[in-house]
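Have a look at query_29.cif; it's mmCIF, C-alpha atoms (C1' of nucleotides):
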data_coords
#
loop_
_atom_site.label_atom_id
_atom_site.label_comp_id
_atom_site.auth_asym_id
_atom_site.auth_seq_id
_atom_site.Cartn_x
_atom_site.Cartn_y
_atom_site.Cartn_z
CA MET J 7 0.98 -102.49 41.36
CA GLY J 8 -2.73 -103.19 41.38
CA THR J 9 -4.06 -105.78 43.71
CA VAL J 10 -6.68 -107.62 41.74
CA GLY J 11 -7.37 -104.84 39.31
CA PRO J 12 -7.59 -104.83 35.53
CA MET J 13 -5.08 -107.42 34.41
CA PRO J 14 -4.49 -108.96 30.98
CA SER J 15 -7.42 -111.00 29.86
CA PRO J 16 -6.56 -114.58 30.83
CA ALA J 17 -7.28 -113.61 34.40
CA ARG J 18 -6.65 -117.05 35.85
CA GLN J 19 -3.29 -117.21 37.55
CA LEU J 20 -1.35 -120.44 37.33
CA PRO J 21 0.62 -121.68 40.32
CA PHE J 22 3.66 -122.21 38.08
CA ASP J 23 5.19 -120.75 34.95
CA PRO J 24 3.79 -122.67 31.98
CA ILE J 25 6.74 -121.61 29.85
CA ALA J 26 9.28 -122.96 32.31
CA GLU J 27 7.20 -126.13 32.41
CA ALA J 28 7.22 -126.41 28.63
CA ARG J 29 10.97 -125.85 28.60
CA ARG J 30 11.45 -128.81 30.91
CA HIS J 31 9.41 -131.07 28.64
CA TRP J 32 11.19 -129.71 25.60
CA ASP J 33 14.70 -130.39 26.87
CA GLU J 34 13.71 -133.95 27.74
CA ARG J 35 13.16 -134.71 24.08
CA TRP J 36 14.90 -132.11 21.98
CA SER J 37 17.51 -129.38 22.33
CA GLY J 38 17.36 -125.60 22.31
CA GLY J 39 14.86 -125.32 25.10
CA ALA J 40 16.34 -121.98 26.08
CA ALA J 41 15.57 -120.47 22.69
CA MET J 42 12.07 -121.93 22.82
CA ALA J 43 11.49 -120.44 26.26
CA ALA J 44 12.80 -117.05 25.17
CA ALA J 45 10.73 -117.02 22.00
CA THR J 46 7.57 -118.02 23.82
CA SER J 47 8.26 -115.42 26.48
CA VAL J 48 8.58 -112.74 23.83
CA MET J 49 5.23 -113.78 22.42
CA ARG J 50 3.59 -113.66 25.82
CA ALA J 51 5.26 -110.40 26.81
CA GLN J 52 3.86 -108.79 23.70
CA GLN J 53 0.43 -110.03 24.67
CA ILE J 54 0.78 -108.42 28.10
CA VAL J 55 2.08 -105.11 26.82
CA LEU J 56 -0.65 -104.95 24.22
CA ALA J 57 -3.40 -105.79 26.70
CA GLN J 58 -2.27 -103.25 29.29
CA VAL J 59 -1.71 -100.43 26.84
CA ASP J 60 -4.95 -101.12 25.00
CA GLU J 61 -6.74 -101.09 28.33
CA ALA J 62 -5.27 -97.71 29.16
CA LEU J 63 -6.20 -96.37 25.73
CA LYS J 64 -9.74 -97.69 25.68
CA PRO J 65 -11.26 -94.52 27.21
CA PHE J 66 -9.86 -92.58 24.27
CA GLY J 67 -11.11 -94.97 21.61
CA LEU J 68 -7.55 -95.80 20.63
CA THR J 69 -5.46 -98.93 20.27
CA PHE J 70 -1.71 -99.29 20.63
CA ALA J 71 -1.28 -99.43 16.86
CA ARG J 72 -3.30 -96.30 16.22
CA TYR J 73 -1.70 -94.53 19.17
CA GLU J 74 1.78 -95.25 17.85
CA ALA J 75 0.87 -93.81 14.48
CA LEU J 76 -0.56 -90.72 16.09
CA VAL J 77 2.52 -90.13 18.21
CA LEU J 78 4.76 -90.62 15.21
CA LEU J 79 2.93 -87.80 13.47
CA THR J 80 3.36 -85.47 16.44
CA PHE J 81 7.10 -86.12 16.20
CA SER J 82 7.24 -84.95 12.59
CA ARG J 83 8.10 -81.39 11.65
CA ARG J 84 4.88 -80.45 9.88
CA GLY J 85 2.63 -82.98 11.52
CA SER J 86 2.36 -85.00 8.35
CA LEU J 87 4.19 -87.92 6.76
CA PRO J 88 3.84 -90.04 3.63
CA LEU J 89 2.10 -93.33 4.40
CA GLY J 90 5.11 -95.28 3.24
CA LYS J 91 7.37 -93.40 5.62
CA MET J 92 5.04 -94.20 8.47
CA GLY J 93 5.21 -97.88 7.63
CA GLU J 94 9.00 -97.73 7.68
CA ARG J 95 9.20 -96.04 11.06
CA LEU J 96 6.51 -98.17 12.63
CA MET J 97 7.99 -101.24 10.96
CA ILE J 98 4.67 -102.46 9.69
CA HIS J 99 3.35 -103.54 6.30
CA PRO J 100 1.97 -100.93 3.88
CA THR J 101 -1.47 -102.48 4.08
CA SER J 102 -1.40 -102.15 7.85
CA VAL J 103 -0.72 -98.45 7.45
CA THR J 104 -3.70 -98.13 5.14
CA ASN J 105 -5.84 -99.92 7.70
CA ILE J 106 -4.71 -97.77 10.61
CA VAL J 107 -4.96 -94.48 8.75
CA ASP J 108 -8.45 -95.45 7.57
CA ARG J 109 -9.58 -95.78 11.15
CA LEU J 110 -7.79 -92.70 12.45
CA GLU J 111 -9.27 -90.70 9.60
CA GLY J 112 -12.71 -92.05 10.44
CA GLN J 113 -12.18 -90.76 13.97
CA GLY J 114 -11.18 -87.34 12.69
CA LEU J 115 -7.71 -87.62 14.23
CA VAL J 116 -5.81 -87.50 10.97
CA ARG J 117 -6.54 -86.45 7.41
CA ARG J 118 -5.25 -87.69 4.06
CA VAL J 119 -3.81 -84.91 1.91
CA PRO J 120 -2.19 -85.25 -1.51
CA HIS J 121 1.56 -84.80 -1.78
CA PRO J 122 2.35 -81.41 -3.37
CA THR J 123 4.74 -82.73 -6.02
CA ASP J 124 4.48 -86.52 -6.15
CA ARG J 125 0.98 -87.57 -7.07
CA ARG J 126 1.65 -91.18 -6.12
CA THR J 127 2.21 -90.25 -2.53
CA THR J 128 -0.44 -89.60 0.09
CA LEU J 129 0.40 -87.61 3.17
CA CYS J 130 -1.18 -88.35 6.52
CA GLU J 131 -1.66 -85.18 8.53
CA ILE J 132 -2.62 -85.06 12.19
CA THR J 133 -5.55 -82.81 13.10
CA ASP J 134 -5.84 -80.58 16.14
CA GLU J 135 -8.15 -83.16 17.70
CA GLY J 136 -5.48 -85.76 17.01
CA ARG J 137 -2.82 -83.72 18.77
CA GLU J 138 -5.00 -83.16 21.80
CA LEU J 139 -5.94 -86.80 22.06
CA ALA J 140 -2.33 -87.90 21.63
CA GLU J 141 -1.34 -85.73 24.56
CA LYS J 142 -4.05 -87.11 26.84
CA ALA J 143 -3.47 -90.67 25.72
CA THR J 144 0.24 -90.36 26.42
CA ALA J 145 -0.51 -89.45 30.01
CA ALA J 146 -2.60 -92.60 30.28
CA VAL J 147 -0.06 -94.98 28.78
CA THR J 148 2.84 -93.56 30.76
CA ALA J 149 0.71 -94.00 33.88
CA VAL J 150 0.71 -97.75 33.29
CA GLY J 151 4.38 -97.78 32.36
CA LEU J 152 3.47 -98.92 28.86
CA GLY J 153 2.81 -102.36 30.21
CA ILE J 154 6.41 -102.79 31.36
CA THR J 155 6.07 -103.51 35.07
CA GLY J 156 8.04 -105.28 37.73
CA LEU J 157 11.41 -104.27 36.32
CA SER J 158 13.88 -101.74 37.65
CA ASP J 159 15.08 -98.91 35.44
CA ARG J 160 18.29 -100.79 34.89
CA GLU J 161 16.44 -103.94 33.90
CA VAL J 162 14.19 -102.07 31.52
CA ASP J 163 17.23 -100.69 29.77
CA GLN J 164 18.83 -104.12 29.76
CA LEU J 165 15.73 -105.55 28.13
CA PHE J 166 15.79 -102.85 25.48
CA ARG J 167 19.45 -103.54 24.69
CA LEU J 168 18.98 -107.28 24.43
CA LEU J 169 16.05 -106.88 22.08
CA ALA J 170 17.92 -104.24 20.06
CA LYS J 171 20.75 -106.70 19.56
CA MET J 172 18.33 -109.35 18.43
CA ARG J 173 16.52 -106.91 16.14
CA ARG J 174 19.75 -105.78 14.57
CA ALA J 175 20.71 -109.41 13.90
CA ALA J 176 17.33 -109.88 12.25
CA GLY J 177 18.04 -106.98 9.94
CA ASP J 178 15.86 -104.29 11.48
CA PHE J 179 18.52 -101.64 11.10
CA ALA J 180 22.12 -101.35 10.02
CA ALA J 181 24.12 -99.14 12.37
CA ALA J 182 24.71 -99.92 16.02
CA ALA J 183 22.33 -98.32 18.48
CA ASP J 184 25.28 -96.24 19.69
CA PRO J 185 24.36 -96.17 23.38
CA SER J 186 26.36 -93.13 24.45
CA MET I 9 23.36 -115.56 8.95
CA GLY I 10 21.74 -115.34 5.57
CA THR I 11 22.94 -112.72 3.17
CA VAL I 12 19.82 -111.35 1.58
CA GLY I 13 17.71 -114.39 2.31
CA PRO I 14 14.18 -114.72 3.69
CA MET I 15 13.93 -112.05 6.33
CA PRO I 16 10.88 -110.73 8.14
CA SER I 17 8.52 -109.06 5.77
CA PRO I 18 9.42 -105.36 5.95
CA ALA I 19 12.52 -106.18 3.96
CA ARG I 20 13.77 -102.61 3.85
CA GLN I 21 16.60 -102.04 6.25
CA LEU I 22 16.82 -98.65 7.92
CA PRO I 23 20.20 -97.02 8.51
CA PHE I 24 19.18 -96.35 12.12
CA ASP I 25 17.04 -97.86 14.84
CA PRO I 26 13.58 -96.28 14.57
CA ILE I 27 12.83 -97.17 18.16
CA ALA I 28 15.93 -95.42 19.47
CA GLU I 29 14.93 -92.48 17.32
CA ALA I 30 11.41 -92.46 18.75
CA ARG I 31 12.85 -92.65 22.24
CA ARG I 32 14.87 -89.50 21.60
CA HIS I 33 11.79 -87.62 20.44
CA TRP I 34 9.79 -88.99 23.35
CA ASP I 35 12.21 -87.88 26.03
CA GLU I 36 12.29 -84.40 24.56
CA ARG I 37 8.63 -83.93 25.39
CA TRP I 38 7.59 -86.48 27.98
CA SER I 39 9.16 -88.90 30.43
CA GLY I 40 9.44 -92.66 30.55
CA GLY I 41 11.13 -93.01 27.20
CA ALA I 42 12.91 -96.11 28.42
CA ALA I 43 9.64 -97.92 29.10
CA MET I 44 8.32 -96.81 25.73
CA ALA I 45 11.42 -98.12 23.99
CA ALA I 46 11.23 -101.42 25.84
CA ALA I 47 7.54 -101.87 25.14
CA THR I 48 7.93 -101.07 21.47
CA SER I 49 10.91 -103.40 21.26
CA VAL I 50 8.85 -106.21 22.74
CA MET I 51 6.18 -105.61 20.12
CA ARG I 52 8.72 -105.64 17.32
CA ALA I 53 10.58 -108.67 18.70
CA GLN I 54 7.35 -110.61 18.70
CA GLN I 55 6.82 -109.65 15.08
CA ILE I 56 10.29 -110.98 14.22
CA VAL I 57 9.92 -114.23 16.12
CA LEU I 58 6.52 -114.84 14.60
CA ALA I 59 7.69 -114.11 11.06
CA GLN I 60 10.74 -116.34 11.28
CA VAL I 61 8.98 -119.26 12.93
CA ASP I 62 6.01 -119.02 10.60
CA GLU I 63 8.41 -119.00 7.66
CA ALA I 64 10.07 -122.16 8.93
CA LEU I 65 6.68 -123.80 9.47
CA LYS I 66 5.17 -122.85 6.14
CA PRO I 67 6.32 -126.05 4.34
CA PHE I 68 4.34 -128.03 6.91
CA GLY I 69 1.19 -125.97 6.61
CA LEU I 70 1.52 -124.85 10.21
CA THR I 71 1.68 -121.56 12.06
CA PHE I 72 3.37 -120.80 15.38
CA ALA I 73 0.05 -120.87 17.19
CA ARG I 74 -1.00 -124.24 15.78
CA TYR I 75 2.49 -125.63 16.24
CA GLU I 76 2.51 -124.67 19.91
CA ALA I 77 -0.80 -126.41 20.46
CA LEU I 78 0.46 -129.52 18.70
CA VAL I 79 3.64 -129.65 20.78
CA LEU I 80 1.66 -129.14 23.97
CA LEU I 81 -0.35 -132.24 23.12
CA THR I 82 2.78 -134.30 22.54
CA PHE I 83 3.88 -133.30 26.05
CA SER I 84 0.73 -134.69 27.63
CA ARG I 85 0.53 -138.19 29.04
CA ARG I 86 -2.20 -139.59 26.81
CA GLY I 87 -1.76 -137.19 23.92
CA SER I 88 -5.00 -135.41 24.75
CA LEU I 89 -6.09 -132.45 26.85
CA PRO I 90 -9.32 -130.59 27.57
CA LEU I 91 -9.59 -127.46 25.47
CA GLY I 92 -9.71 -125.29 28.55
CA LYS I 93 -6.48 -126.78 29.86
CA MET I 94 -4.81 -126.01 26.56
CA GLY I 95 -5.89 -122.41 26.81
CA GLU I 96 -4.40 -122.17 30.29
CA ARG I 97 -1.05 -123.59 29.31
CA LEU I 98 -0.82 -121.64 26.07
CA MET I 99 -2.11 -118.56 27.87
CA ILE I 100 -4.64 -117.73 25.21
CA HIS I 101 -8.36 -117.02 25.23
CA PRO I 102 -10.85 -119.92 25.05
CA THR I 103 -12.12 -118.72 21.70
CA SER I 104 -8.58 -118.78 20.34
CA VAL I 105 -8.34 -122.42 21.36
CA THR I 106 -11.55 -123.20 19.53
CA ASN I 107 -10.17 -121.45 16.45
CA ILE I 108 -6.84 -123.29 16.54
CA VAL I 109 -8.33 -126.70 17.22
CA ASP I 110 -10.82 -126.17 14.40
CA ARG I 111 -7.96 -125.71 11.96
CA LEU I 112 -5.81 -128.50 13.32
CA GLU I 113 -8.78 -130.82 13.18
CA GLY I 114 -9.43 -129.80 9.59
CA GLN I 115 -5.84 -130.78 8.81
CA GLY I 116 -6.31 -134.16 10.47
CA LEU I 117 -3.62 -133.41 13.04
CA VAL I 118 -5.91 -133.57 16.06
CA ARG I 119 -9.36 -134.94 16.83
CA ARG I 120 -12.08 -133.82 19.21
CA VAL I 121 -13.24 -136.56 21.54
CA PRO I 122 -15.81 -136.31 24.32
CA HIS I 123 -14.62 -136.37 27.89
CA PRO I 124 -15.45 -139.77 29.46
CA THR I 125 -17.09 -138.40 32.60
CA ASP I 126 -17.72 -134.65 32.16
CA ARG I 127 -20.01 -134.05 29.22
CA ARG I 128 -19.27 -130.34 29.20
CA THR I 129 -15.64 -130.98 28.40
CA THR I 130 -14.16 -131.71 25.00
CA LEU I 131 -10.78 -133.38 24.74
CA CYS I 132 -8.36 -132.58 21.96
CA GLU I 133 -6.38 -135.63 20.97
CA ILE I 134 -3.34 -135.59 18.70
CA THR I 135 -3.37 -138.04 15.80
CA ASP I 136 -0.46 -140.10 14.51
CA GLU I 137 -0.12 -137.67 11.62
CA GLY I 138 -0.03 -134.88 14.17
CA ARG I 139 2.79 -136.51 16.08
CA GLU I 140 4.83 -137.08 12.96
CA LEU I 141 4.35 -133.54 11.75
CA ALA I 142 5.21 -132.10 15.16
CA GLU I 143 8.49 -133.97 15.09
CA LYS I 144 9.43 -132.72 11.63
CA ALA I 145 8.27 -129.20 12.36
CA THR I 146 10.33 -129.11 15.54
CA ALA I 147 13.46 -129.83 13.53
CA ALA I 148 12.60 -126.89 11.29
CA VAL I 149 11.93 -124.39 14.06
CA THR I 150 15.00 -125.37 16.07
CA ALA I 151 17.02 -124.93 12.88
CA VAL I 152 16.10 -121.25 12.86
CA GLY I 153 16.61 -120.94 16.61
CA LEU I 154 12.93 -120.11 17.03
CA GLY I 155 13.59 -116.69 15.66
CA ILE I 156 15.96 -115.80 18.50
CA THR I 157 19.17 -114.86 16.72
CA GLY I 158 22.19 -112.71 17.42
CA LEU I 159 22.25 -113.49 21.13
CA SER I 160 24.65 -115.67 23.06
CA ASP I 161 23.35 -118.52 25.19
CA ARG I 162 23.86 -116.37 28.23
CA GLU I 163 21.95 -113.48 26.72
CA VAL I 164 19.09 -115.73 25.67
CA ASP I 165 18.77 -116.91 29.23
CA GLN I 166 19.01 -113.34 30.49
CA LEU I 167 16.20 -112.35 28.16
CA PHE I 168 14.06 -115.18 29.42
CA ARG I 169 14.63 -114.20 33.04
CA LEU I 170 13.83 -110.55 32.46
CA LEU I 171 10.62 -111.41 30.68
CA ALA I 172 9.72 -113.96 33.34
CA LYS I 173 10.07 -111.27 35.99
CA MET I 174 7.86 -108.98 34.01
CA ARG I 175 5.31 -111.72 33.38
CA ARG I 176 5.20 -112.63 37.02
CA ALA I 177 4.58 -108.98 37.93
CA ALA I 178 1.74 -108.95 35.43
CA GLY I 179 0.18 -111.94 37.14
CA ASP I 180 1.03 -114.71 34.72
CA PHE I 181 1.94 -117.11 37.51
CA ALA I 182 2.34 -117.10 41.26
CA ALA I 183 5.46 -118.95 42.34
CA ALA I 184 8.96 -117.91 41.40
CA ALA I 185 10.48 -119.61 38.38
CA ASP I 186 12.90 -121.32 40.78
CA PRO I 187 15.92 -121.36 38.48
CA SER I 188 17.98 -124.03 40.19
"C1'" DC W 14 -34.41 -132.45 45.19
"C1'" DC W 15 -34.47 -128.40 42.80
"C1'" DA W 16 -32.88 -123.52 41.68
"C1'" DG W 17 -29.18 -120.57 41.06
"C1'" DA W 18 -24.25 -120.04 40.34
"C1'" DT W 19 -20.29 -121.74 38.02
"C1'" DT W 20 -17.68 -124.00 34.30
"C1'" DA W 21 -16.75 -125.67 29.30
"C1'" DG W 22 -17.05 -124.67 24.86
"C1'" DT W 23 -18.92 -122.20 20.70
"C1'" DA W 24 -20.84 -118.33 17.57
"C1'" DG W 25 -20.36 -113.78 15.74
"C1'" DG W 26 -17.90 -109.49 15.40
"C1'" DA W 27 -13.86 -106.25 15.85
"C1'" DC W 28 -9.04 -105.39 15.26
"C1'" DG W 29 -4.29 -105.68 13.48
"C1'" DT W 30 -1.14 -108.17 10.92
"C1'" DC W 31 0.42 -110.28 6.77
"C1'" DC W 32 0.38 -111.67 1.61
"C1'" DG W 33 -0.75 -111.51 -3.36
"C1'" DA W 34 -2.69 -108.85 -6.89
"C1'" DC W 35 -3.72 -104.55 -8.92
"C1'" DC W 36 -3.62 -99.57 -10.47
"C1'" DT W 37 -1.42 -95.20 -10.83
"C1'" DT W 38 2.49 -92.42 -11.21
"C1'" DC W 39 7.61 -91.42 -11.58
"C1'" DG W 40 12.02 -91.89 -13.65
"C1'" DG W 41 15.56 -93.65 -16.36
"C1'" DT W 42 16.88 -95.22 -20.95
"C1'" DC W 43 16.95 -95.61 -25.58
"C1'" DG F 19 9.14 -88.76 -26.79
"C1'" DA F 20 7.83 -93.52 -25.63
"C1'" DC F 21 8.44 -97.49 -23.00
"C1'" DC F 22 9.29 -100.29 -18.99
"C1'" DG F 23 10.79 -101.11 -14.47
"C1'" DA F 24 10.27 -99.23 -9.80
"C1'" DA F 25 7.70 -97.05 -6.16
"C1'" DG F 26 3.34 -95.63 -3.50
"C1'" DG F 27 -1.22 -97.12 -2.04
"C1'" DT F 28 -5.30 -99.82 -1.96
"C1'" DC F 29 -8.36 -104.05 -2.27
"C1'" DG F 30 -9.61 -108.71 -0.89
"C1'" DG F 31 -8.47 -112.73 1.71
"C1'" DA F 32 -6.22 -115.42 5.48
"C1'" DC F 33 -4.88 -115.82 10.24
"C1'" DG F 34 -4.76 -115.17 15.25
"C1'" DT F 35 -6.19 -112.55 18.96
"C1'" DC F 36 -9.64 -110.58 21.84
"C1'" DC F 37 -14.61 -109.49 23.62
"C1'" DT F 38 -19.59 -110.15 24.38
"C1'" DA F 39 -23.19 -113.23 24.39
"C1'" DC F 40 -25.09 -117.74 24.37
"C1'" DT F 41 -25.98 -122.93 25.25
"C1'" DA F 42 -25.28 -127.03 27.78
"C1'" DA F 43 -23.74 -129.40 31.75
"C1'" DT F 44 -22.13 -129.68 36.51
"C1'" DC F 45 -21.99 -128.21 41.21
"C1'" DT F 46 -23.77 -126.22 45.50
"C1'" DG F 47 -27.20 -124.69 49.08
"C1'" DG F 48 -31.17 -124.63 51.00
#
Please go through the file and, once you have read it, give me the structure as structure tokens.
Amino acid sequence: MGTVGPMPSPARQLPFDPIAEARRHWDERWSGGAAMAAATSVMRAQQIVLAQVDEALKPFGLTFARYEALVLLTFSRRGSLPLGKMGERLMIHPTSVTNIVDRLEGQGLVRRVPHPTDRRTTLCEITDEGRELAEKATAAVTAVGLGITGLSDREVDQLFRLLAKMRRAAGDFAAAADPS
Amino acid sequence: MGTVGPMPSPARQLPFDPIAEARRHWDERWSGGAAMAAATSVMRAQQIVLAQVDEALKPFGLTFARYEALVLLTFSRRGSLPLGKMGERLMIHPTSVTNIVDRLEGQGLVRRVPHPTDRRTTLCEITDEGRELAEKATAAVTAVGLGITGLSDREVDQLFRLLAKMRRAAGDFAAAADPS
DNA sequence: CCAGATTAGTAGGACGTCCGACCTTCGGTC
DNA sequence: GACCGAAGGTCGGACGTCCTACTAATCTGG
């Protein structure tokens, strides 16, 4: 990886793991230090992923959230989806979808179009500029491994499975991931 | 677990894992779908942890961020730390510390006191009310397993180790976690 | 001993997330 | 056919995070 290059914001490097340190303190007084350490690590890992991906997307004027929405649209048959559907797939709140689509629309990457039959529904349609940018941005984010570094392919998959199990327990989805 | 109880906000449960679905689409057109799935899972896992812990902390008027700061202070010798030190340990930006301490101070849970020798530095000192609340709040967050559910003790530890490896690669800390 | 670099903290703004409240439209029921 | 609950989006506010820029104080070199 990079030597001293563009790293997540809190550039200062500690000589020890502050989470492991906190876990030690925690277990001295309470119980469940392992869960605390895991939860805090998840929080911090998200911070790292977000920082690295956002950094890679900055030249394109995109953020992770907006990039995800854009990619989702490229995956759809007609390049358009109802806002509500987007919220479901991205697992974010309806108001967050409104926010993101507002910004993407302001950048000319998507366009709001009325649903042909249901006048309640608004479709979000990706523009040609949006498709082009999504393609370039994807090259950039894959180049940084989407912020997932230091893990072997096997470990990356292991991480995904562990989190999928946790997400399923939290009610994210019903069926098993069916890892065939 | 709960039946239909208080779950993370997007209450709707999908019949499939949207991340696994996205991974399928991704691999059809690009490469590195595993990293994408892992990164997205980390993002979503953080959302779940945050929602569940915040829910447990709501009766106390706390959030995860403020709770973490409070607990950090209880771990310190004299119950006070310089703001900068807090930012290091919590791995957040200095301005985030200012924000959090502002709110905690407004709640009477901490107090800003000048550093005895260095007049640049401000110490954040936990109050008696802060200590009491931290104790009660800890009972609440441990009761929900800090949002880490559906995993065995072994898997929780595995998750922590994987994320620690990733965090170390990202430059979070220098030495190995030394899991003895 | 003084000038420049560094460190500590804050102010203002951007972004994404959530929630509660609200309006419009659809659909089912009577 | 009319009503009333449900569904789709949006608005305004709260929160936490980050960044850039700024002030005040300390440290370091000449």
- Message: Could you tell me which residues of chain F sit within 12 Å of chain J when counting all atoms listed in the file, and give me the result as a PyMOL selection string?
- Response: chain F and resi 25-30+34-37
- Pull out every residue of chain I that has at least one atom within 7 Å of chain J, counting all atoms listed in the file, and report them as a PyMOL selection string. chain I and resi 18+21-26+33+40+42-47+49-51+53-54+57+83+97+99-101+150+153-159+164-165+167-168+170-171+173-175+177-183+185
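Remark: for chain W, the closest of the candidate residues J:Leu76, J:Pro65, J:Arg109, J:Arg84 is J:Arg109 (distances computed over all atoms listed in the file).
Only residues having an atom at most 7 Å from (-5.4, -85.4, 6.2) are included; using only C-alpha atoms (C1' of nucleotides), these are Val116, Arg117, Arg118, Val119, Leu129, Cys130, Glu131 and Ile132 of chain J.
Using all atoms listed in the file, the part of chain W that sits within 9 Å of chain J is made up of DC28, DG29, DT30, DC31, DT37, DT38 and DC39 of chain W.
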Can you take the partial stretch 73-91 of chain J, add N, CA and C atoms, and return it as a short mmCIF file (atom, residue, chain, number, x, y, z; two decimals), in the coordinates of the input?
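Wrote selection_27.cif, looks like this:
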data_model
loop_
_atom_site.label_atom_id
_atom_site.label_comp_id
_atom_site.auth_asym_id
_atom_site.auth_seq_id
_atom_site.Cartn_x
_atom_site.Cartn_y
_atom_site.Cartn_z
N TYR J 73 -2.39 -95.49 18.33
CA TYR J 73 -1.70 -94.53 19.17
C TYR J 73 -0.27 -94.30 18.69
N GLU J 74 0.40 -95.37 18.34
CA GLU J 74 1.78 -95.25 17.85
C GLU J 74 1.84 -94.38 16.60
N ALA J 75 0.90 -94.60 15.72
CA ALA J 75 0.87 -93.81 14.48
C ALA J 75 0.64 -92.33 14.79
N LEU J 76 -0.25 -92.09 15.73
CA LEU J 76 -0.56 -90.72 16.09
C LEU J 76 0.66 -90.01 16.68
N VAL J 77 1.34 -90.72 17.58
CA VAL J 77 2.52 -90.13 18.21
C VAL J 77 3.62 -89.87 17.19
N LEU J 78 3.75 -90.80 16.26
CA LEU J 78 4.76 -90.62 15.21
C LEU J 78 4.52 -89.31 14.45
N LEU J 79 3.26 -89.02 14.20
CA LEU J 79 2.93 -87.80 13.47
C LEU J 79 3.25 -86.55 14.30
N THR J 80 3.03 -86.63 15.60
CA THR J 80 3.36 -85.47 16.44
C THR J 80 4.86 -85.22 16.47
N PHE J 81 5.64 -86.27 16.20
CA PHE J 81 7.10 -86.12 16.20
C PHE J 81 7.60 -85.47 14.91
N SER J 82 6.77 -85.46 13.89
CA SER J 82 7.24 -84.95 12.59
C SER J 82 7.16 -83.43 12.56
N ARG J 83 8.01 -82.85 11.75
CA ARG J 83 8.10 -81.39 11.65
C ARG J 83 6.73 -80.74 11.39
N ARG J 84 6.12 -81.13 10.28
CA ARG J 84 4.88 -80.45 9.88
C ARG J 84 3.62 -81.19 10.31
N GLY J 85 3.80 -82.22 11.10
CA GLY J 85 2.63 -82.98 11.52
C GLY J 85 2.05 -83.85 10.44
N SER J 86 2.84 -84.12 9.41
CA SER J 86 2.36 -85.00 8.35
C SER J 86 3.52 -85.81 7.79
N LEU J 87 3.19 -87.02 7.33
CA LEU J 87 4.19 -87.92 6.76
C LEU J 87 3.56 -88.72 5.63
N PRO J 88 4.35 -89.11 4.64
CA PRO J 88 3.84 -90.04 3.63
C PRO J 88 3.51 -91.38 4.30
N LEU J 89 2.49 -92.05 3.80
CA LEU J 89 2.10 -93.33 4.40
C LEU J 89 3.25 -94.32 4.40
N GLY J 90 4.00 -94.34 3.34
CA GLY J 90 5.11 -95.28 3.24
C GLY J 90 6.14 -95.03 4.33
N LYS J 91 6.42 -93.76 4.56
CA LYS J 91 7.37 -93.40 5.62
C LYS J 91 6.88 -93.88 6.97
#
